[in-house]
Amino acid sequence: MMSVCLCLCPAVQSQNLVTDNVAVVEGEVAVISCRVKNNDDSVIQLLNPNRQTIYFRDVRPLKDARFQLVNFSDNELRVSLSNVTLSDEGRYVCQLYTDPPQEAYADITVLIPPGNPIIESREGQVIEGNETEMTCTAMGSKPAATIRWMKGDKELQGKSKVEEMYDTMFTVTSQLTFTVTKEDDGVPVVCIVDHPAVKDVQAQTYLVVHYKPEVKIVVEFPDGLPREGQNMELSCQAKGKPHPQQINWVKVDDDLPSHALITGPDLYIENLNKTYNGTYRCFAANSVGESYDDYILYVYDSRAGEGAPRAVDHAVIGGVVAVVVFAMLCLLIILGRYFARHKGTYFTHEAKGADDAADADTAIINAEGGHNNSDEKKEYYI
């Protein structure tokens, strides 16, 4: 008779070795972590890209003091590398001594930030309506940087060119072209460099835009309408860049009054009269161009202001007269209708039967006696 023996053994759990890639800025510290899940006391070690042992458990065979042990346990070997240089870049190996051995790989990427960006303009100053061109350069970065442009609070699109240098280093140049207006004068143009190793790296310049003058004529006095006998002063206000060097006054299609006085941007005319009516023009010029503004002068009578109230009085009187006439016409119509509806009456007293009397005396006697019984006759009048 055969006997069967069952052996209950614990199940063997698989060991998982994991690590992470590392990106580090040149000159800073990189940390490599080799982690084991369900370790059965197997040995962990860390190798460099040349497969030289950096750490075997908690012992460092490699004579590079930049490597330091951060943590060692059954489940982790963590090592730091200080003052990282571009030569430290590569694939590091976490190795677990099992049968067969297990390996996991950590790639160290060294980031090199670009130098301070340099922004240049094709010209120092631009005339409104013309195009300007600017370039921004970010040199010696790894990986290549990206460049953005801002004009005031508006983002503009430039054209970038990437040039590879030595040791996978890159220089990026962005070119920006746009048309300027006079509103762009003094507005900042900013070149912004984006790179994983740095933040908020930028350079800026300010636009200098030249534009022809903007001209406006302002009446300093008199207030209100100009009238005969008054004095007048017109001020020519001109703004431009550069500031207008020349301001001139003329009267269109005629000469200025003989006693008109020009002082700087102001035109002074005394004792106005109607012969001064016309268009007065102020010219302002700078190195960009010339502009002008017009003022049309019309001189009113000196008593023009007094006639206005009288015109108002006549209008009121005329309105009152019209109301009175209208009321009288209405009254006449009402009276006519009243008399048409109320008729007058009168009586003739003739003796009843007088036509049958023999003589006049008899007719009178009959009339007197028959007054109360007489027929009433009516006649109507209007």
# chains A, B, ... in the order shown; residues from 1 in each chain; ligands from 1
call {"tool": "residues_around", "arguments": {"residues": "Asp107 (chain A)", "least_positions_apart": "6", "cutoff": "9 Å", "atoms": "only C-alpha atoms", "output": "JSON, numbers by chain"}}
result
{"A": [20, 21, 22, 23, 89, 90, 91, 92, 93]}
call {"tool": "write_last_selection", "arguments": {"atoms": "C-alpha atoms", "output": "tab-separated table (two decimals), in the first residue's frame"}}
result
chain	number	residue	atom	x	y	z
A	20	ASP	CA	13.14	56.54	-12.19
A	21	ASN	CA	14.71	58.77	-14.80
A	22	VAL	CA	16.27	61.97	-13.47
A	23	ALA	CA	16.54	65.45	-15.05
A	89	GLU	CA	24.82	62.21	-18.28
A	90	GLY	CA	23.93	58.65	-19.26
A	91	ARG	CA	22.19	55.42	-18.23
A	92	TYR	CA	22.72	54.20	-14.64
A	93	VAL	CA	21.91	50.59	-13.70
call {"tool": "select_by_dssp", "arguments": {"residues": "region 113-293 of chain A", "states": "strand (DSSP E or B)", "output": "ChimeraX atom specification"}}
result
/A:118-121,126-127,131-142,146-151,154-156,159-164,170-179,188-195,198-206,209-221,227,232-241,246-251,254,261-263,266-269,278-285,290-293
call {"tool": "residues_around", "arguments": {"residues": "region 286-300 of chain A", "least_positions_apart": "3", "cutoff": "6 Å", "atoms": "only C-alpha atoms", "output": "PyMOL selection string"}}
result
chain A and resi 211-213+215-216+226-227+244-245+274+277-283
call {"tool": "write_last_selection", "arguments": {"atoms": "all heavy atoms", "output": "compact mmCIF listing (two decimals), in the first residue's frame"}}
result
# COMPACT_ATOMS: atom_id res chain seq x y z
N TYR A 211 6.45 110.30 -35.37
CA TYR A 211 5.23 110.52 -36.15
C TYR A 211 5.01 112.01 -36.36
O TYR A 211 5.49 112.84 -35.57
CB TYR A 211 4.02 109.89 -35.45
CG TYR A 211 3.81 110.31 -34.02
CD1 TYR A 211 2.98 111.38 -33.69
CD2 TYR A 211 4.45 109.63 -32.98
CE1 TYR A 211 2.80 111.77 -32.37
CE2 TYR A 211 4.28 110.01 -31.66
CZ TYR A 211 3.44 111.08 -31.36
OH TYR A 211 3.28 111.46 -30.05
N LYS A 212 4.31 112.36 -37.44
CA LYS A 212 4.08 113.77 -37.76
C LYS A 212 3.11 114.38 -36.75
O LYS A 212 2.37 113.66 -36.06
CB LYS A 212 3.56 113.92 -39.18
CG LYS A 212 2.19 113.31 -39.44
CD LYS A 212 1.82 113.49 -40.90
CE LYS A 212 0.42 112.93 -41.19
NZ LYS A 212 0.06 113.12 -42.61
N PRO A 213 3.09 115.73 -36.67
CA PRO A 213 2.30 116.37 -35.61
C PRO A 213 0.80 116.12 -35.74
O PRO A 213 0.27 115.94 -36.83
CB PRO A 213 2.62 117.86 -35.80
CG PRO A 213 3.91 117.89 -36.54
CD PRO A 213 3.89 116.69 -37.44
N VAL A 215 -2.50 118.30 -34.87
CA VAL A 215 -2.74 119.74 -34.68
C VAL A 215 -4.20 119.98 -34.30
O VAL A 215 -5.12 119.38 -34.88
CB VAL A 215 -2.39 120.52 -35.97
CG1 VAL A 215 -2.56 122.03 -35.75
CG2 VAL A 215 -0.97 120.21 -36.41
N LYS A 216 -4.40 120.89 -33.35
CA LYS A 216 -5.75 121.28 -32.93
C LYS A 216 -5.74 122.76 -32.57
O LYS A 216 -4.88 123.22 -31.82
CB LYS A 216 -6.20 120.46 -31.72
CG LYS A 216 -7.60 120.79 -31.24
CD LYS A 216 -7.98 119.94 -30.03
CE LYS A 216 -9.38 120.27 -29.53
NZ LYS A 216 -9.73 119.48 -28.33
N PRO A 226 -17.99 135.17 -31.60
CA PRO A 226 -17.17 136.37 -31.78
C PRO A 226 -18.00 137.50 -32.39
O PRO A 226 -18.75 137.28 -33.35
CB PRO A 226 -16.07 135.89 -32.74
CG PRO A 226 -16.65 134.73 -33.47
CD PRO A 226 -17.61 134.08 -32.53
N ARG A 227 -17.86 138.73 -31.84
CA ARG A 227 -18.66 139.87 -32.29
C ARG A 227 -17.74 141.03 -32.65
O ARG A 227 -16.58 141.09 -32.26
CB ARG A 227 -19.66 140.29 -31.20
CG ARG A 227 -20.54 139.13 -30.73
CD ARG A 227 -21.66 139.60 -29.83
NE ARG A 227 -22.40 138.46 -29.30
CZ ARG A 227 -23.29 137.76 -29.99
NH1 ARG A 227 -23.55 138.12 -31.25
NH2 ARG A 227 -23.92 136.74 -29.46
N PRO A 244 7.21 119.34 -32.77
CA PRO A 244 7.20 120.23 -33.94
C PRO A 244 8.16 121.41 -33.76
O PRO A 244 8.11 122.11 -32.75
CB PRO A 244 5.74 120.69 -34.02
CG PRO A 244 4.96 119.61 -33.34
CD PRO A 244 5.85 119.10 -32.24
N GLN A 245 9.02 121.60 -34.76
CA GLN A 245 9.97 122.71 -34.70
C GLN A 245 9.39 123.99 -35.29
O GLN A 245 9.89 125.08 -35.03
CB GLN A 245 11.27 122.35 -35.46
CG GLN A 245 11.96 121.10 -34.96
CD GLN A 245 11.60 119.86 -35.76
OE1 GLN A 245 10.70 119.89 -36.59
NE2 GLN A 245 12.31 118.78 -35.50
N LYS A 274 -16.28 142.32 -39.75
CA LYS A 274 -16.72 141.29 -40.69
C LYS A 274 -15.73 141.05 -41.82
O LYS A 274 -15.79 140.02 -42.49
CB LYS A 274 -18.10 141.66 -41.25
CG LYS A 274 -19.21 141.59 -40.21
CD LYS A 274 -20.57 141.86 -40.82
CE LYS A 274 -21.68 141.77 -39.78
NZ LYS A 274 -21.82 140.40 -39.26
N ASN A 277 -13.76 137.76 -41.61
CA ASN A 277 -14.38 136.44 -41.79
C ASN A 277 -13.55 135.59 -42.76
O ASN A 277 -12.99 136.10 -43.74
CB ASN A 277 -15.80 136.58 -42.34
CG ASN A 277 -16.76 137.13 -41.29
OD1 ASN A 277 -16.42 137.21 -40.12
ND2 ASN A 277 -17.95 137.53 -41.73
N GLY A 278 -13.47 134.29 -42.48
CA GLY A 278 -12.73 133.39 -43.35
C GLY A 278 -12.17 132.20 -42.58
O GLY A 278 -12.48 131.98 -41.40
N THR A 279 -11.33 131.43 -43.25
CA THR A 279 -10.74 130.23 -42.68
C THR A 279 -9.29 130.50 -42.29
O THR A 279 -8.48 130.88 -43.15
CB THR A 279 -10.80 129.06 -43.67
OG1 THR A 279 -12.17 128.80 -44.01
CG2 THR A 279 -10.20 127.79 -43.07
N TYR A 280 -8.99 130.27 -41.03
CA TYR A 280 -7.63 130.47 -40.51
C TYR A 280 -7.02 129.08 -40.29
O TYR A 280 -7.65 128.20 -39.69
CB TYR A 280 -7.65 131.27 -39.22
CG TYR A 280 -8.05 132.71 -39.45
CD1 TYR A 280 -9.39 133.06 -39.63
CD2 TYR A 280 -7.09 133.73 -39.50
CE1 TYR A 280 -9.76 134.38 -39.86
CE2 TYR A 280 -7.46 135.06 -39.73
CZ TYR A 280 -8.79 135.38 -39.91
OH TYR A 280 -9.16 136.69 -40.14
N ARG A 281 -5.81 128.91 -40.78
CA ARG A 281 -5.17 127.59 -40.77
C ARG A 281 -3.83 127.64 -40.03
O ARG A 281 -3.03 128.56 -40.25
CB ARG A 281 -4.96 127.09 -42.20
CG ARG A 281 -4.27 125.75 -42.32
CD ARG A 281 -4.34 125.24 -43.75
NE ARG A 281 -5.72 124.93 -44.12
CZ ARG A 281 -6.10 124.61 -45.36
NH1 ARG A 281 -5.19 124.57 -46.33
NH2 ARG A 281 -7.37 124.34 -45.61
N CYS A 282 -3.64 126.62 -39.16
CA CYS A 282 -2.38 126.48 -38.44
C CYS A 282 -1.64 125.27 -38.97
O CYS A 282 -2.18 124.16 -38.98
CB CYS A 282 -2.65 126.34 -36.93
SG CYS A 282 -1.20 125.83 -35.99
N PHE A 283 -0.38 125.47 -39.41
CA PHE A 283 0.49 124.40 -39.87
C PHE A 283 1.51 124.09 -38.78
O PHE A 283 2.05 124.99 -38.14
CB PHE A 283 1.26 124.81 -41.13
CG PHE A 283 0.42 124.87 -42.38
CD1 PHE A 283 -0.15 126.07 -42.78
CD2 PHE A 283 0.19 123.74 -43.13
CE1 PHE A 283 -0.91 126.13 -43.94
CE2 PHE A 283 -0.57 123.79 -44.28
CZ PHE A 283 -1.13 125.00 -44.69
call {"tool": "atom_distance", "arguments": {"atom1": "CA of Val321 (chain A)", "atom2": "CA of Ile334 (chain A)"}}
result
20.2 Å
call {"tool": "decode", "arguments": {"residues": "region 75-97 of chain A", "atoms": "N, CA and C atoms", "output": "tab-separated table (two decimals), in the first residue's frame"}}
result
chain	number	residue	atom	x	y	z
A	75	ASN	N	14.81	47.25	1.02
A	75	ASN	CA	13.92	47.59	-0.10
A	75	ASN	C	14.41	48.76	-0.94
A	76	GLU	N	15.47	49.45	-0.53
A	76	GLU	CA	15.90	50.62	-1.30
A	76	GLU	C	17.39	50.88	-1.13
A	77	LEU	N	17.98	51.31	-2.26
A	77	LEU	CA	19.31	51.89	-2.26
A	77	LEU	C	19.18	53.25	-2.96
A	78	ARG	N	19.42	54.30	-2.17
A	78	ARG	CA	19.25	55.65	-2.71
A	78	ARG	C	20.59	56.39	-2.58
A	79	VAL	N	21.04	56.96	-3.74
A	79	VAL	CA	22.36	57.59	-3.82
A	79	VAL	C	22.21	58.97	-4.45
A	80	SER	N	22.98	59.94	-3.92
A	80	SER	CA	22.97	61.28	-4.50
A	80	SER	C	24.28	61.55	-5.25
A	81	LEU	N	24.16	62.38	-6.28
A	81	LEU	CA	25.34	62.80	-7.05
A	81	LEU	C	25.32	64.33	-7.09
A	82	SER	N	26.30	64.95	-6.45
A	82	SER	CA	26.34	66.40	-6.36
A	82	SER	C	27.19	66.99	-7.48
A	83	ASN	N	26.97	68.32	-7.69
A	83	ASN	CA	27.73	69.09	-8.68
A	83	ASN	C	27.76	68.37	-10.04
A	84	VAL	N	26.57	68.09	-10.53
A	84	VAL	CA	26.44	67.33	-11.77
A	84	VAL	C	27.02	68.12	-12.94
A	85	THR	N	27.75	67.41	-13.80
A	85	THR	CA	28.28	68.00	-15.03
A	85	THR	C	27.72	67.26	-16.22
A	86	LEU	N	27.96	67.83	-17.40
A	86	LEU	CA	27.45	67.22	-18.62
A	86	LEU	C	28.02	65.82	-18.82
A	87	SER	N	29.24	65.56	-18.32
A	87	SER	CA	29.86	64.24	-18.48
A	87	SER	C	29.18	63.17	-17.63
A	88	ASP	N	28.37	63.58	-16.66
A	88	ASP	CA	27.67	62.60	-15.81
A	88	ASP	C	26.41	62.07	-16.48
A	89	GLU	N	26.05	62.63	-17.60
A	89	GLU	CA	24.82	62.21	-18.28
A	89	GLU	C	24.97	60.80	-18.81
A	90	GLY	N	23.90	60.01	-18.73
A	90	GLY	CA	23.93	58.65	-19.26
A	90	GLY	C	22.95	57.74	-18.54
A	91	ARG	N	23.10	56.43	-18.78
A	91	ARG	CA	22.19	55.42	-18.23
A	91	ARG	C	22.86	54.72	-17.05
A	92	TYR	N	22.25	54.85	-15.87
A	92	TYR	CA	22.72	54.20	-14.64
A	92	TYR	C	21.90	52.93	-14.43
A	93	VAL	N	22.53	51.92	-13.81
A	93	VAL	CA	21.91	50.59	-13.70
A	93	VAL	C	21.70	50.23	-12.24
A	94	CYS	N	20.43	49.93	-11.92
A	94	CYS	CA	20.12	49.33	-10.62
A	94	CYS	C	20.11	47.80	-10.84
A	95	GLN	N	20.87	47.09	-10.03
A	95	GLN	CA	21.01	45.63	-10.24
A	95	GLN	C	20.67	44.89	-8.95
A	96	LEU	N	19.89	43.83	-9.09
A	96	LEU	CA	19.48	42.98	-7.97
A	96	LEU	C	20.03	41.58	-8.22
A	97	TYR	N	20.86	41.11	-7.23
A	97	TYR	CA	21.49	39.80	-7.37
A	97	TYR	C	20.47	38.71	-7.08
